[in-house]
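First comes the structure, then the notes that go with it.
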Amino acid sequence: MTATVVVGTQWGDEGKGKITDRLAKKMDAVVRYQGGHNAGHTIVVGEESFALQLIPSGVLYPHVIPVIGNGVVVEPSVLIDEIDMLESKGIDTSRLVISGNAHLILPFHLEIDKMVERFLGKNKLGTTKRGIGPTYADKASRVGIRVQDILDPKIFKEKLEILGKEKNAILAKVYNKLPLDCSEIADKYLDEYLPRLRPLVGDTVTLLHDMLESKKSILLEGAQATFLDLDHGTYPYVTSSNPTAGGACVGAGIGPRDITDVVGIAKAYITRVGAGPFPTEVDGEVADSIVDRGHEFGTNTGRRRRPGWIDAVLLKHAARVNSLSELAITKVDILDPFDVIRICVAYEINGEKVETVPYHQSDFHKVKPIYEDIPGWQSDLSQITTAKELPKQALSFIQRIEEIVKVPVTMVGVGPKRDQLIDLKGKS
C-alpha cells in the first residue's frame, strides 16, 4: 500500500504531468485532488502530444483508474471535450471516476470572474477567468452546487434558482450586466452534460480506501503549485485552493498516515504567470532565451510566462511545507547554452542577509536575490539517457540544489518526451 503525492514547488508549470505520467505506470489509481481547468499538463508520448486540464495524467495507462477528487471544481463542457479528445486518440476514458462531492463551475462563475478582474484594473490578480475562484468562493459560502446535484434534476433546479437570484443581482447591480437565464443553464446541464457524466460519478473516497486496504498504489496529483497555494503562496496572487501536499488529503479524502512519499517538482529555472512578486526574475536576452527554448507559454491561456533563475530559498521553503521526500528537476536541458547558471541561495532585505522566505509580504516584495554562480555545461543534454552521461557541471548544479534544500534529487528532465527523464536514484 502506497499513496504518493506529486506537488509543484514553484509557481506552477514545473512539468508535473510528465513526472506523474512516469510514476503512474507503477500505480493503480491517479487522483487529481484540487484546482480546475485553469492549469494544464502536457505529456508527449512518441509523436503524440496530450494536453490535459482536468483528467489525471494516469489515464494514458490502461491499468490505471483516473479519479477526479472532491477537491476539484469541474466545468462540464471542458471535461467532456477532454474526454472526446482522448477517445479520438484511442484512449479509453470509461475508467474515469468523478467525485460526487466535486463542485460544478457554472456560467455565473465565469461571468463574475471576468468582471472582477476587469474592475480590479491595474491591481488585477492575473486570473485565467475560468470561474475557478468564484466557484471555490461559493463552496466556502456553502451555496455551491456539486456534481451529485445534477443526478437529481429537481434538487439541481432548486439550487440553481436560489444561486441564480444572488448572482444575477450582483451581475446587474454591480457590473451592469444582463441576467443569465437559469432555465437555459438547467437545460444545458441536465440535457447535454448529465447523460455524459452520470456513468462516471461515484464515491471516490470509498474507492480509494478500498484500494489502499487491498494494498494498491495511489498517486495524487495537484494543479498549480506551492507558491500559488491559498494559504502558503504569495497571497493574493494565488489560486483558490490548496495545491500543497496537505491539500491532497482534503481533496481526495484520505488521511495523512496514508501518504508514504511526497515528490516535489521544480524546473531548473523558475517561471510564473500573471502578477505577483518574483525575486529572481530576469529580462533581456536571458529571459528571451529561456522563454523561447522552454516554450514558456501557458498550456491553456497562451500567455508568456515570466522567467527567472532557480530560487533555492523558495525551494527549501516548499520542501518544508510539503514534507518532500524527493525532488525531480525538469527542463535542465533548457539551460544548455548558458556559460553561467545562477542559483539564488539567500535574500538581502534592508542590507541584511536572510536564508528563509520572509513571512511579511512587504518584505518579500523588496528582497534582493543573493546568487551563487555555477559553471554551465554548454552541451546538448537532450540525448542523454543515464546519470553517468551527465556533464560534471550539470551534476554540480543538481548536487548544489540538494545541499541547500536537503532533499535528494531522484529524477532529471532533459526534454519534453516521456523517455527524456533520467533516473538518478533508481526510484522511477
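Starting from 1 in every chain, residues are counted up; chains themselves are A, B, ... following the order of the C-alpha cells, and ligands are numbered from 1 as listed.
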Check your understanding: Quick one: residues within 12 Å of Val250 of chain A, only C-alpha atoms counted, chain neighbours fewer than 4 positions away excluded, as JSON, numbers by chain?
Key -> {"A": [32, 33, 34, 69, 70, 71, 72, 101, 102, 205, 220, 222, 241, 242, 243, 244, 245, 246, 254, 255, 256]}
Could those selected residues go to a file with C-alpha atoms, as an mmCIF file, in the first residue's frame?
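The new file part.cif reads:
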data_model
loop_
_atom_site.group_PDB
_atom_site.id
_atom_site.type_symbol
_atom_site.label_atom_id
_atom_site.label_comp_id
_atom_site.auth_asym_id
_atom_site.auth_seq_id
_atom_site.Cartn_x
_atom_site.Cartn_y
_atom_site.Cartn_z
ATOM 1 C CA ARG A 32 -6.473 14.875 -9.205
ATOM 2 C CA TYR A 33 -7.157 16.471 -5.815
ATOM 3 C CA GLN A 34 -7.731 20.221 -6.382
ATOM 4 C CA GLY A 69 -11.431 14.054 -6.368
ATOM 5 C CA ASN A 70 -13.833 16.042 -4.237
ATOM 6 C CA GLY A 71 -11.428 18.996 -4.035
ATOM 7 C CA VAL A 72 -11.657 19.712 -7.783
ATOM 8 C CA ASN A 101 -18.684 15.966 -3.969
ATOM 9 C CA ALA A 102 -16.670 17.922 -6.538
ATOM 10 C CA VAL A 205 -13.437 8.228 -1.013
ATOM 11 C CA LEU A 220 -2.203 12.076 -6.077
ATOM 12 C CA GLY A 222 -2.289 18.631 -7.788
ATOM 13 C CA SER A 241 -7.374 26.073 -3.343
ATOM 14 C CA ASN A 242 -4.507 24.180 -1.696
ATOM 15 C CA PRO A 243 -2.092 22.527 -4.160
ATOM 16 C CA THR A 244 0.348 21.703 -1.333
ATOM 17 C CA ALA A 245 0.689 18.116 -0.153
ATOM 18 C CA GLY A 246 -1.668 18.705 2.771
ATOM 19 C CA ILE A 254 -7.514 10.157 2.633
ATOM 20 C CA GLY A 255 -5.639 10.675 5.907
ATOM 21 C CA PRO A 256 -2.071 11.919 6.474
#
**Asked** Could you pull out the strand (DSSP E or B) residues of segment 92-284 of chain A from DSSP and send them as a PyMOL selection string?
**Response** chain A and resi 97-99+103-104+146+201-202+217-221+261-267+269-272+281
Mind writing the picked residues with C-alpha atoms as a short mmCIF file (atom, residue, chain, number, x, y, z; two decimals), in the first residue's frame?
data_model
loop_
_atom_site.label_atom_id
_atom_site.label_comp_id
_atom_site.auth_asym_id
_atom_site.auth_seq_id
_atom_site.Cartn_x
_atom_site.Cartn_y
_atom_site.Cartn_z
CA VAL A 97 -14.42 8.26 -11.74
CA ILE A 98 -15.61 11.73 -10.70
CA SER A 99 -16.36 12.52 -7.07
CA HIS A 103 -18.20 21.33 -7.23
CA LEU A 104 -19.57 22.49 -10.57
CA ARG A 146 -21.93 19.82 -6.57
CA VAL A 201 -19.89 9.87 -10.99
CA GLY A 202 -19.11 7.86 -7.88
CA SER A 217 -0.84 2.08 -5.01
CA ILE A 218 -2.29 5.55 -5.49
CA LEU A 219 -0.74 8.68 -6.98
CA LEU A 220 -2.20 12.08 -6.08
CA GLU A 221 -1.52 15.00 -8.40
CA ASP A 261 6.01 9.72 -0.33
CA VAL A 262 5.86 13.33 -1.48
CA VAL A 263 7.63 14.07 -4.76
CA GLY A 264 8.36 17.74 -5.41
CA ILE A 265 8.77 19.02 -8.96
CA ALA A 266 10.93 22.04 -9.81
CA LYS A 267 12.23 23.44 -13.06
CA TYR A 269 14.88 27.76 -13.58
CA ILE A 270 11.58 29.29 -12.47
CA THR A 271 8.60 30.96 -14.10
CA ARG A 272 5.32 32.47 -13.06
CA GLU A 281 13.02 37.42 -12.44
#
**OP:** Find the spatial neighbours of Ala387 of chain A, counting only C-alpha atoms, within a cut-off of 8 Å - ignore same-chain residues fewer than 5 positions away - and output them as a list in words.
**Re:**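 Near neighbours after the sequence-gap exclusion: Ile422, Asp423 and Leu424 of chain A.
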Excluding Trp377 of chain A and its own-chain neighbours fewer than 5 positions away, which residues fall within 12 Å of it when counting only C-alpha atoms? Please give them as a list in words.
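Neighbouring residues, sequence-local ones excluded: Val332, Asp333, Ile334, Leu335, Asp336, Pro337, Phe338, Asp339, Val340, Ile341, Leu390, Pro391, Lys392, Gln393, Ala394, Leu395, Ser396 and Phe397 of chain A.
Between Lys25 of chain A and the candidates A:Phe108, A:Gly58, A:Trp11, A:Pro179, the tightest atom-to-atom separation, counting only C-alpha atoms, involves A:Gly58.
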In terms of only C-alpha atoms, the residue from A:Leu212, A:Ile55, A:Ile68, A:Ala318 at minimal distance from Met85 of chain A is A:Ile55
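Interatomic distance, atom CA of Pro66 of chain A to atom CA of Asp28 of chain A: 8.8 Å.
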From the list A:Val45, A:Asn38, A:Gly274, A:Lys388, the nearest residue to Asp419 of chain A using only C-alpha atoms is A:Val45
Return as a list of chain:residue names the full set of residues in segment 183-259 of chain A whose backbone-based DSSP assignment is alpha helix (DSSP H).
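Filtering segment 183-259 of chain A down to alpha helix (DSSP H) leaves A:Ser183, A:Glu184, A:Ile185, A:Ala186, A:Asp187, A:Leu194, A:Pro195, A:Arg196, A:Leu197, A:Thr204, A:Val205, A:Thr206, A:Leu207, A:Leu208, A:His209, A:Asp210, A:Met211, A:Leu212, A:Glu213, A:Ala245, A:Gly246, A:Gly247, A:Ala248, A:Cys249, A:Val250, A:Gly251, A:Ala252.
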Would you output that residue set with N, CA and C atoms, as a compact mmCIF listing (two decimals), in the first residue's frame?
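So selection_29.txt came out as:
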# COMPACT_ATOMS: atom_id res chain seq x y z
N SER A 183 -33.13 28.82 -16.53
CA SER A 183 -33.78 27.71 -17.24
C SER A 183 -32.90 27.18 -18.36
N GLU A 184 -32.26 28.09 -19.08
CA GLU A 184 -31.35 27.68 -20.15
C GLU A 184 -30.15 26.93 -19.59
N ILE A 185 -29.63 27.43 -18.47
CA ILE A 185 -28.49 26.77 -17.84
C ILE A 185 -28.88 25.37 -17.39
N ALA A 186 -30.05 25.25 -16.75
CA ALA A 186 -30.51 23.95 -16.27
C ALA A 186 -30.68 22.97 -17.42
N ASP A 187 -31.27 23.43 -18.52
CA ASP A 187 -31.48 22.55 -19.68
C ASP A 187 -30.14 22.04 -20.22
N LEU A 194 -25.48 15.91 -18.25
CA LEU A 194 -25.83 14.80 -17.35
C LEU A 194 -25.70 13.43 -18.01
N PRO A 195 -26.22 13.23 -19.23
CA PRO A 195 -26.08 11.89 -19.84
C PRO A 195 -24.62 11.44 -20.01
N ARG A 196 -23.73 12.39 -20.22
CA ARG A 196 -22.32 12.05 -20.41
C ARG A 196 -21.62 11.78 -19.08
N LEU A 197 -22.03 12.49 -18.04
CA LEU A 197 -21.31 12.41 -16.77
C LEU A 197 -21.88 11.36 -15.82
N THR A 204 -15.72 8.41 -4.56
CA THR A 204 -14.27 8.25 -4.74
C THR A 204 -13.55 7.99 -3.42
N VAL A 205 -14.09 8.46 -2.31
CA VAL A 205 -13.44 8.23 -1.01
C VAL A 205 -13.44 6.73 -0.69
N THR A 206 -14.60 6.10 -0.84
CA THR A 206 -14.68 4.65 -0.59
C THR A 206 -13.80 3.89 -1.58
N LEU A 207 -13.83 4.31 -2.82
CA LEU A 207 -13.00 3.65 -3.84
C LEU A 207 -11.53 3.67 -3.45
N LEU A 208 -11.02 4.82 -3.05
CA LEU A 208 -9.60 4.96 -2.73
C LEU A 208 -9.24 4.18 -1.47
N HIS A 209 -10.09 4.21 -0.47
CA HIS A 209 -9.79 3.48 0.76
C HIS A 209 -9.86 1.97 0.54
N ASP A 210 -10.78 1.53 -0.30
CA ASP A 210 -10.83 0.10 -0.63
C ASP A 210 -9.55 -0.32 -1.34
N MET A 211 -9.04 0.55 -2.21
CA MET A 211 -7.80 0.25 -2.91
C MET A 211 -6.63 0.20 -1.95
N LEU A 212 -6.56 1.15 -1.02
CA LEU A 212 -5.46 1.16 -0.05
C LEU A 212 -5.51 -0.09 0.84
N GLU A 213 -6.71 -0.49 1.24
CA GLU A 213 -6.85 -1.68 2.07
C GLU A 213 -6.49 -2.95 1.30
N ALA A 245 0.92 19.53 -0.44
CA ALA A 245 0.69 18.12 -0.15
C ALA A 245 -0.43 17.90 0.85
N GLY A 246 -0.57 18.82 1.82
CA GLY A 246 -1.67 18.71 2.77
C GLY A 246 -3.03 18.77 2.10
N GLY A 247 -3.11 19.51 1.00
CA GLY A 247 -4.36 19.60 0.26
C GLY A 247 -4.77 18.29 -0.38
N ALA A 248 -3.79 17.40 -0.57
CA ALA A 248 -4.10 16.09 -1.17
C ALA A 248 -5.01 15.29 -0.25
N CYS A 249 -4.78 15.39 1.04
CA CYS A 249 -5.60 14.64 2.00
C CYS A 249 -7.04 15.14 1.96
N VAL A 250 -7.21 16.46 1.99
CA VAL A 250 -8.55 17.04 1.98
C VAL A 250 -9.24 16.80 0.64
N GLY A 251 -8.50 17.03 -0.44
CA GLY A 251 -9.09 16.97 -1.77
C GLY A 251 -9.35 15.58 -2.30
N ALA A 252 -8.77 14.55 -1.64
CA ALA A 252 -9.00 13.17 -2.07
C ALA A 252 -9.73 12.35 -1.01
Could you check the closest approach to Thr42 of chain A for each of A:Arg142, A:His295, A:Lys154, A:Arg400 and tell me which residue wins, using only C-alpha atoms?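 So, comparing all the options, the nearest one is A:His295.
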Close residues, segment 232-239 of chain A itself excluded, 12 Å, only C-alpha atoms, min 6 positions apart in chain, as a PyMOL selection string: chain A and resi 8-12+34-39+123-137+222-226+245-247+272-279+314+317-318+320-322+357-365
